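What follows is the content of start-v2.txt (compact mmCIF, C-alpha atoms).
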```txt
# COMPACT_ATOMS: atom_id res chain seq x y z
CA MET A 1 0.00 0.00 0.00
CA ALA A 2 1.31 3.42 -0.96
CA SER A 3 1.97 6.13 1.62
CA THR A 4 0.11 9.42 1.51
CA VAL A 5 0.74 12.91 2.85
CA GLU A 6 -1.35 16.06 3.25
CA ILE A 7 0.15 19.09 1.52
CA PRO A 8 -1.14 22.67 1.90
CA LEU A 9 -2.13 24.79 -1.12
CA ALA A 10 -0.77 28.34 -1.20
CA GLY A 11 -2.26 31.09 -3.35
CA GLY A 12 -5.09 30.96 -5.84
CA ALA A 13 -8.70 30.15 -5.03
CA ALA A 14 -7.77 27.12 -2.87
CA ASP A 15 -5.34 29.02 -0.61
CA GLY A 16 -5.25 27.50 2.88
CA ARG A 17 -6.75 24.15 1.88
CA THR A 18 -4.84 20.88 1.89
CA VAL A 19 -4.76 17.93 -0.50
CA THR A 20 -3.90 14.32 0.24
CA VAL A 21 -1.51 12.86 -2.34
CA GLU A 22 0.21 9.54 -2.81
CA LEU A 23 3.99 9.39 -2.48
CA ASP A 24 6.08 7.68 -5.15
CA SER A 25 8.58 4.89 -4.47
CA ASN A 26 11.18 7.54 -3.47
CA GLY A 27 8.84 9.13 -0.91
CA ARG A 28 8.07 12.21 -3.03
CA PRO A 29 4.67 13.65 -3.95
CA PRO A 30 3.65 14.54 -7.54
CA LEU A 31 5.36 17.66 -8.93
CA THR A 32 2.04 19.33 -9.77
CA HIS A 33 -1.52 19.35 -8.50
CA HIS A 34 -4.47 20.41 -10.65
CA HIS A 35 -7.15 21.78 -8.36
CA LEU A 36 -10.67 21.80 -9.81
CA GLY A 37 -12.89 24.79 -9.10
CA GLU A 38 -16.61 24.74 -8.37
CA ARG A 39 -17.30 24.52 -12.12
CA GLY A 40 -14.80 21.68 -12.62
CA LEU A 41 -12.21 22.04 -15.38
CA ALA A 42 -13.56 25.49 -16.33
CA GLU A 43 -12.03 26.83 -13.09
CA ALA A 44 -9.06 24.48 -12.68
CA GLU A 45 -5.80 25.87 -11.30
CA VAL A 46 -2.24 24.53 -11.50
CA TYR A 47 -0.15 24.27 -8.32
CA GLU A 48 3.56 23.30 -8.33
CA LEU A 49 5.37 21.48 -5.56
CA GLU A 50 7.93 23.43 -3.52
CA SER A 51 10.12 22.19 -0.71
CA THR A 52 9.70 24.27 2.45
CA GLY A 53 12.56 22.83 4.47
CA GLY A 54 10.33 23.03 7.54
CA ASP A 55 8.27 20.49 9.45
CA GLN A 56 5.66 20.21 6.69
CA GLY A 57 8.30 19.53 4.05
CA TRP A 58 6.28 20.62 1.00
CA VAL A 59 3.72 23.11 -0.23
CA TYR A 60 1.83 23.34 -3.53
CA ARG A 61 2.12 26.95 -4.73
CA TRP A 62 -0.37 28.44 -7.21
CA ARG A 63 1.13 29.09 -10.66
CA ARG A 64 -1.72 29.77 -13.11
CA SER A 65 -5.19 28.90 -14.27
CA ALA A 66 -5.26 25.65 -16.23
CA VAL A 67 -7.44 27.06 -19.03
```
In structure tokens, write the structure found in this file.
Amino acid sequence: MASTVEIPLAGGAADGRTVTVELDSNGRPPLTHHHLGERGLAEAEVYELESTGGDQGWVYRWRRSAV
């Protein structure tokens, strides 16, 4: 069974929320997260993984709208 981790979202419409993602075989989360808005893909946003160096370890930072 794969391990999971909760990672906070920073910026964009989902700022302050967290997502649960699966870690790969090296213990790393996916490099990007596509967060769907209330209208699904029409409001999707792209978040990129950043290392924080703190206790949390990672954060997904808002980069742009997906469409």
Notebook entry, point to check: Suppose you want the space between CA of Gly57 in chain A and CA of Thr32 in chain A; what is it in Å?
Noted result: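 If I compute the distance from CA of Gly57 in chain A to CA of Thr32 in chain A, I get 15.2 Å.
Comparing A:Arg17, A:Arg63, A:His34, A:Arg28 by their smallest distance to Ser3 in chain A, the closest is A:Arg28 (using only C-alpha atoms).
Closest approach to Pro8 in chain A among A:His33, A:Gly40, A:Gly27, A:Glu45: A:His33, based on only C-alpha atoms.
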Next item on the list: Return the single residue from A:Leu49, A:Ala42, A:Ser65, A:Leu9 that is closest to Pro30 in chain A, with distances computed using only C-alpha atoms.
Entry: A:Leu49
Check: Distance CA of Ala66 in chain A-CA of Glu48 in chain A, one decimal place?
Finding: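 Value for the CA of Ala66 in chain A-CA of Glu48 in chain A distance: 12.1 Å.
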Saving chain A with C-alpha atoms, as a compact mmCIF listing (two decimals), in the first residue's frame, what would that file be?
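And here's selection-v3.txt as it stands now:
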```txt
# COMPACT_ATOMS: atom_id res chain seq x y z
CA MET A 1 0.00 0.00 0.00
CA ALA A 2 1.31 3.42 -0.96
CA SER A 3 1.97 6.13 1.62
CA THR A 4 0.11 9.42 1.51
CA VAL A 5 0.74 12.91 2.85
CA GLU A 6 -1.35 16.06 3.25
CA ILE A 7 0.15 19.09 1.52
CA PRO A 8 -1.14 22.67 1.90
CA LEU A 9 -2.13 24.79 -1.12
CA ALA A 10 -0.77 28.34 -1.20
CA GLY A 11 -2.26 31.09 -3.35
CA GLY A 12 -5.09 30.96 -5.84
CA ALA A 13 -8.70 30.15 -5.03
CA ALA A 14 -7.77 27.12 -2.87
CA ASP A 15 -5.34 29.02 -0.61
CA GLY A 16 -5.25 27.50 2.88
CA ARG A 17 -6.75 24.15 1.88
CA THR A 18 -4.84 20.88 1.89
CA VAL A 19 -4.76 17.93 -0.50
CA THR A 20 -3.90 14.32 0.24
CA VAL A 21 -1.51 12.86 -2.34
CA GLU A 22 0.21 9.54 -2.81
CA LEU A 23 3.99 9.39 -2.48
CA ASP A 24 6.08 7.68 -5.15
CA SER A 25 8.58 4.89 -4.47
CA ASN A 26 11.18 7.54 -3.47
CA GLY A 27 8.84 9.13 -0.91
CA ARG A 28 8.07 12.21 -3.03
CA PRO A 29 4.67 13.65 -3.95
CA PRO A 30 3.65 14.54 -7.54
CA LEU A 31 5.36 17.66 -8.93
CA THR A 32 2.04 19.33 -9.77
CA HIS A 33 -1.52 19.35 -8.50
CA HIS A 34 -4.47 20.41 -10.65
CA HIS A 35 -7.15 21.78 -8.36
CA LEU A 36 -10.67 21.80 -9.81
CA GLY A 37 -12.89 24.79 -9.10
CA GLU A 38 -16.61 24.74 -8.37
CA ARG A 39 -17.30 24.52 -12.12
CA GLY A 40 -14.80 21.68 -12.62
CA LEU A 41 -12.21 22.04 -15.38
CA ALA A 42 -13.56 25.49 -16.33
CA GLU A 43 -12.03 26.83 -13.09
CA ALA A 44 -9.06 24.48 -12.68
CA GLU A 45 -5.80 25.87 -11.30
CA VAL A 46 -2.24 24.53 -11.50
CA TYR A 47 -0.15 24.27 -8.32
CA GLU A 48 3.56 23.30 -8.33
CA LEU A 49 5.37 21.48 -5.56
CA GLU A 50 7.93 23.43 -3.52
CA SER A 51 10.12 22.19 -0.71
CA THR A 52 9.70 24.27 2.45
CA GLY A 53 12.56 22.83 4.47
CA GLY A 54 10.33 23.03 7.54
CA ASP A 55 8.27 20.49 9.45
CA GLN A 56 5.66 20.21 6.69
CA GLY A 57 8.30 19.53 4.05
CA TRP A 58 6.28 20.62 1.00
CA VAL A 59 3.72 23.11 -0.23
CA TYR A 60 1.83 23.34 -3.53
CA ARG A 61 2.12 26.95 -4.73
CA TRP A 62 -0.37 28.44 -7.21
CA ARG A 63 1.13 29.09 -10.66
CA ARG A 64 -1.72 29.77 -13.11
CA SER A 65 -5.19 28.90 -14.27
CA ALA A 66 -5.26 25.65 -16.23
CA VAL A 67 -7.44 27.06 -19.03
```
